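The next block is entry26.cif, given as mmCIF, C-alpha atoms.
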```cif
data_entry
#
loop_
_atom_site.label_atom_id
_atom_site.label_comp_id
_atom_site.auth_asym_id
_atom_site.auth_seq_id
_atom_site.Cartn_x
_atom_site.Cartn_y
_atom_site.Cartn_z
CA MET A 1 73.44 -64.68 -10.17
CA ALA A 2 71.46 -62.05 -8.24
CA ASP A 3 73.91 -62.35 -5.34
CA GLU A 4 76.82 -61.70 -7.70
CA GLN A 5 75.16 -58.55 -9.09
CA ARG A 6 74.33 -57.34 -5.59
CA SER A 7 77.91 -57.86 -4.44
CA ASN A 8 79.16 -55.88 -7.45
CA LEU A 9 76.94 -52.94 -6.48
CA GLU A 10 78.08 -52.79 -2.86
CA PRO A 11 81.07 -50.55 -2.25
CA LYS A 12 84.24 -52.40 -1.48
CA PRO A 13 86.27 -51.21 1.50
CA GLN A 14 89.40 -49.36 0.53
CA ALA A 15 92.60 -48.91 2.42
CA PRO A 16 93.00 -45.43 3.90
CA ALA A 17 95.15 -43.07 1.89
CA ARG A 18 98.70 -42.87 3.16
CA ALA A 19 100.30 -39.53 3.78
CA THR A 20 103.14 -39.23 1.36
CA SER A 21 105.40 -36.43 0.38
CA GLU A 22 103.65 -36.43 -3.00
CA ALA A 23 100.26 -35.63 -1.45
CA TRP A 24 101.44 -32.27 -0.15
CA ASP A 25 103.94 -30.10 -1.91
CA ASP A 26 105.97 -28.31 0.75
CA GLU A 27 107.61 -26.14 -1.88
CA GLN A 28 104.36 -24.26 -2.48
CA GLU A 29 104.33 -23.04 1.11
CA GLN A 30 107.79 -21.56 0.74
CA GLU A 31 106.79 -19.36 -2.20
CA THR A 32 108.12 -15.85 -1.71
CA ILE A 33 105.91 -12.89 -2.56
CA VAL A 34 107.88 -9.98 -3.92
CA PRO A 35 106.25 -6.56 -3.43
CA LEU A 36 105.96 -4.14 -6.32
CA THR A 37 108.44 -1.34 -6.63
CA ARG A 38 107.09 2.21 -6.77
CA ALA A 39 107.71 2.36 -10.53
CA GLN A 40 105.90 -0.95 -11.10
CA ALA A 41 102.95 0.20 -8.97
CA GLU A 42 102.71 3.50 -10.86
CA ARG A 43 102.83 1.68 -14.18
CA LEU A 44 100.12 -0.74 -13.03
CA PHE A 45 97.78 1.61 -11.11
CA GLY A 46 98.61 5.07 -12.44
CA PRO A 47 100.57 8.06 -11.12
CA ASP A 48 98.22 8.69 -8.15
CA VAL A 49 99.01 5.36 -6.53
CA GLY A 50 100.77 6.95 -3.56
CA ARG A 51 98.08 9.53 -2.83
CA ALA A 52 95.86 8.84 0.14
CA SER A 53 92.22 8.13 -0.67
CA ARG A 54 89.87 11.08 -0.35
CA VAL A 55 86.91 8.78 0.25
CA THR A 56 86.15 9.39 3.91
CA PRO A 57 83.35 7.77 5.91
CA PHE A 58 81.47 11.08 5.99
CA ARG A 59 81.77 11.41 2.20
CA VAL A 60 80.20 7.96 1.87
CA VAL A 61 77.38 8.96 4.24
CA GLY A 62 76.89 12.14 2.22
CA ALA A 63 76.55 10.09 -0.96
CA GLN A 64 74.05 7.83 0.80
CA VAL A 65 71.95 10.80 1.93
CA LEU A 66 72.06 12.34 -1.55
CA LEU A 67 71.00 9.10 -3.20
CA SER A 68 68.23 8.67 -0.61
CA LEU A 69 66.90 12.15 -1.38
CA VAL A 70 66.92 11.48 -5.13
CA ALA A 71 65.15 8.14 -4.66
CA THR A 72 62.59 9.74 -2.31
CA LEU A 73 61.84 12.39 -4.91
CA ALA A 74 61.48 9.72 -7.60
CA TRP A 75 59.05 7.69 -5.47
CA TRP A 76 57.06 10.84 -4.68
CA LEU A 77 56.78 11.75 -8.37
CA LEU A 78 56.07 8.27 -9.74
CA SER A 79 53.95 6.54 -7.10
CA ALA A 80 50.17 6.22 -6.97
CA SER A 81 50.24 7.20 -3.28
CA PRO A 82 53.11 9.69 -3.25
CA ARG A 83 53.14 10.62 0.44
CA ASP A 84 53.41 7.09 1.84
CA ALA A 85 55.83 5.99 -0.88
CA ALA A 86 58.08 9.01 -0.32
CA VAL A 87 58.06 8.57 3.46
CA SER A 88 58.81 4.86 3.04
CA ALA A 89 61.63 5.63 0.62
CA TRP A 90 63.13 8.20 2.98
CA LEU A 91 62.90 5.75 5.89
CA GLY A 92 64.58 3.06 3.76
CA GLY A 93 67.38 5.43 2.86
CA MET A 94 67.72 6.53 6.46
CA ILE A 95 67.98 2.90 7.58
CA GLY A 96 70.86 2.65 5.11
CA TRP A 97 72.80 5.79 6.07
CA LEU A 98 72.05 6.41 9.78
CA PRO A 99 74.07 3.41 11.08
CA GLY A 100 76.95 4.41 8.81
CA ALA A 101 76.79 7.98 10.11
CA LEU A 102 76.93 6.73 13.70
CA PHE A 103 79.92 4.55 12.79
CA ALA A 104 81.70 7.47 11.08
CA LEU A 105 81.06 9.65 14.12
CA ARG A 106 82.48 6.95 16.36
CA LEU A 107 85.58 6.76 14.13
CA ARG A 108 86.09 10.51 14.30
CA MET A 109 85.67 10.60 18.08
CA SER A 110 88.09 7.71 18.67
CA GLY A 111 90.95 9.54 16.93
CA ASP A 112 94.24 7.67 17.38
CA ARG A 113 92.83 5.17 19.88
CA LEU A 114 91.38 3.04 17.08
CA SER A 115 91.77 -0.73 17.37
CA VAL A 116 90.51 -3.77 15.53
CA GLY A 117 88.19 -4.55 18.42
CA SER A 118 86.59 -1.12 18.28
CA LEU A 119 86.05 -1.49 14.52
CA VAL A 120 84.39 -4.87 15.03
CA MET A 121 82.25 -3.40 17.80
CA GLY A 122 81.31 -0.50 15.53
CA GLU A 123 80.23 -2.92 12.81
CA ALA A 124 78.15 -4.86 15.34
CA VAL A 125 76.47 -1.61 16.40
CA LYS A 126 75.77 -0.84 12.71
CA VAL A 127 74.09 -4.21 12.19
CA ALA A 128 72.08 -3.94 15.42
CA THR A 129 70.98 -0.39 14.57
CA THR A 130 69.92 -1.45 11.08
CA ILE A 131 67.85 -4.34 12.43
CA ALA A 132 66.30 -2.14 15.14
CA LEU A 133 65.34 0.53 12.60
CA LEU A 134 63.79 -2.03 10.25
CA VAL A 135 61.76 -3.53 13.10
CA ALA A 136 60.72 -0.05 14.31
CA VAL A 137 59.47 0.89 10.84
CA ALA A 138 57.70 -2.46 10.39
CA PHE A 139 55.75 -2.08 13.63
CA GLY A 140 55.58 1.71 13.91
CA TYR A 141 54.53 2.86 10.45
CA PRO A 142 51.38 1.10 9.23
CA GLY A 143 51.37 2.78 5.79
CA VAL A 144 54.81 1.54 4.81
CA HIS A 145 55.40 0.77 1.13
CA TRP A 146 57.86 -2.09 1.36
CA VAL A 147 59.05 -1.89 -2.23
CA ALA A 148 59.93 1.80 -1.90
CA LEU A 149 61.60 1.23 1.47
CA LEU A 150 63.66 -1.77 0.39
CA VAL A 151 64.68 -0.38 -3.00
CA THR A 152 65.87 2.87 -1.43
CA PHE A 153 67.60 0.93 1.36
CA VAL A 154 69.54 -1.12 -1.20
CA LEU A 155 70.37 2.03 -3.18
CA ALA A 156 71.71 3.67 -0.02
CA LEU A 157 73.87 0.64 0.69
CA LYS A 158 75.22 0.74 -2.86
CA ALA A 159 76.16 4.41 -2.48
CA TYR A 160 79.61 3.24 -1.38
CA TRP A 161 80.30 2.69 -5.07
CA LEU A 162 79.06 6.18 -5.90
CA ALA A 163 81.36 7.67 -3.27
CA MET A 164 84.30 5.70 -4.66
CA ALA A 165 83.52 6.93 -8.18
CA LEU A 166 83.32 10.56 -7.03
CA LYS A 167 86.69 10.48 -5.32
#
```
Would you mind writing the file's structure down as structure tokens?
Amino acid sequence: MADEQRSNLEPKPQAPARATSEAWDDEQEQETIVPLTRAQAERLFGPDVGRASRVTPFRVVGAQVLLSLVATLAWWLLSASPRDAAVSAWLGGMIGWLPGALFALRLRMSGDRLSVGSLVMGEAVKVATTIALLVAVAFGYPGVHWVALLVTFVLALKAYWLAMALK
């Protein structure tokens, strides 16, 4: 009886699934995507759909700097140790906007010679600069207030949304 129960619990080998025309619907791959007409796009997105975006990389960096200054002032006013908190907040904001400013400067200098590879390289430089600045602050500033630094850093990164809203 125990052997029968044990054999019922063991998985039984199954035949491999056969590839059939039912398993994959080739018709779905042939689906045609029809682009919107100008009138449909205007109805869906509004009359300014054809206008180029005024959100430039330097406008985003400006929003990041502005938000960093506001956060630094808030940390200075509300912290128990205002000097260290304000310096930490400013450094956190700077870690957020300095790599973006370098990337925007690189974009402006490249002009029409822009390629996908140069954009990827620019993003890699942004990430490396951010990591280097975080490490430099961690080892170079003993009075760092990590909460002020990280909160302001995150606020600076979220300034992209502020720049999009102010377009």
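The smallest atom-to-atom distance between Val127 of chain A and any of A:Gly46, A:Gly140, A:Gly96, A:Gly111, using only C-alpha atoms, is found for A:Gly96.
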> Between atom CA of Val60 of chain A and atom CA of Leu44 of chain A, what is the spacing in Å?
Replying inline: 26.4 Å
> Written as a PyMOL selection string, which residues does the PyMOL selection byres ((chain A and resi 143) around 12) give for the file shown?
Replying inline: chain A and resi 81-89+91+137-142+144-146+148-149
> atom CA of Arg106 of chain A and atom CA of Val49 of chain A are how many Å apart?
Replying inline: 28.3 Å
>> As an exercise, work out the distance from atom CA of Trp75 of chain A to atom CA of Val61 of chain A in Å and give it to one decimal place.
In response: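 Atom CA of Val61 of chain A lies at a distance of 20.8 Å from atom CA of Trp75 of chain A.
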>> Can you translate the PyMOL selection byres ((chain A and resi 130) around 10) into the concrete residues it hits in this file, as a list in words?
In response: Met94, Ile95, Gly96, Trp97, Leu98, Pro99, Gly100, Ala124, Val125, Lys126, Val127, Ala128, Thr129, Ile131, Ala132, Leu133, Leu134, Val135 and Ala136 of chain A
> Within 9 Å of (83.1, 11.3, 6.0), in the coordinates the file gives, what residues turn up when you count only C-alpha atoms, written out as a list in words?
Replying inline: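 Answer for this query, in the requested form: Val55, Thr56, Pro57, Phe58, Arg59, Val60, Val61, Gly62, Ala101, Ala104, Leu105 and Arg108 of chain A.
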Can you spit out the residues from that selection as an mmCIF file, in the frame of the given file, using C-alpha atoms?
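Final file, again.cif:
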```cif
data_model
loop_
_atom_site.group_PDB
_atom_site.id
_atom_site.type_symbol
_atom_site.label_atom_id
_atom_site.label_comp_id
_atom_site.auth_asym_id
_atom_site.auth_seq_id
_atom_site.Cartn_x
_atom_site.Cartn_y
_atom_site.Cartn_z
ATOM 1 C CA VAL A 55 86.910 8.780 0.250
ATOM 2 C CA THR A 56 86.150 9.390 3.910
ATOM 3 C CA PRO A 57 83.350 7.770 5.910
ATOM 4 C CA PHE A 58 81.470 11.080 5.990
ATOM 5 C CA ARG A 59 81.770 11.410 2.200
ATOM 6 C CA VAL A 60 80.200 7.960 1.870
ATOM 7 C CA VAL A 61 77.380 8.960 4.240
ATOM 8 C CA GLY A 62 76.890 12.140 2.220
ATOM 9 C CA ALA A 101 76.790 7.980 10.110
ATOM 10 C CA ALA A 104 81.700 7.470 11.080
ATOM 11 C CA LEU A 105 81.060 9.650 14.120
ATOM 12 C CA ARG A 108 86.090 10.510 14.300
#
```
> Which of these residues is nearest to Glu123 of chain A, using all atoms listed in the file: A:Ala74, A:Leu102, A:Leu66, A:Leu150?
Replying inline: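 Distance minimum relative to Glu123 of chain A lands on A:Leu102.
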> Care to translate the PyMOL selection byres ((chain A and resi 71) around 10) into actual residues of this file, as an MDAnalysis selection string?
Replying inline: chainID A and resid 65:70 72:77 86 89:90 92:93 148:149 151:153 155:156
> Of the candidates A:Val147, A:Ala63, A:Leu119, A:Leu114, which shows the shortest atom-to-atom distance to Ala159 of chain A, using only C-alpha atoms?
Replying inline: A:Ala63
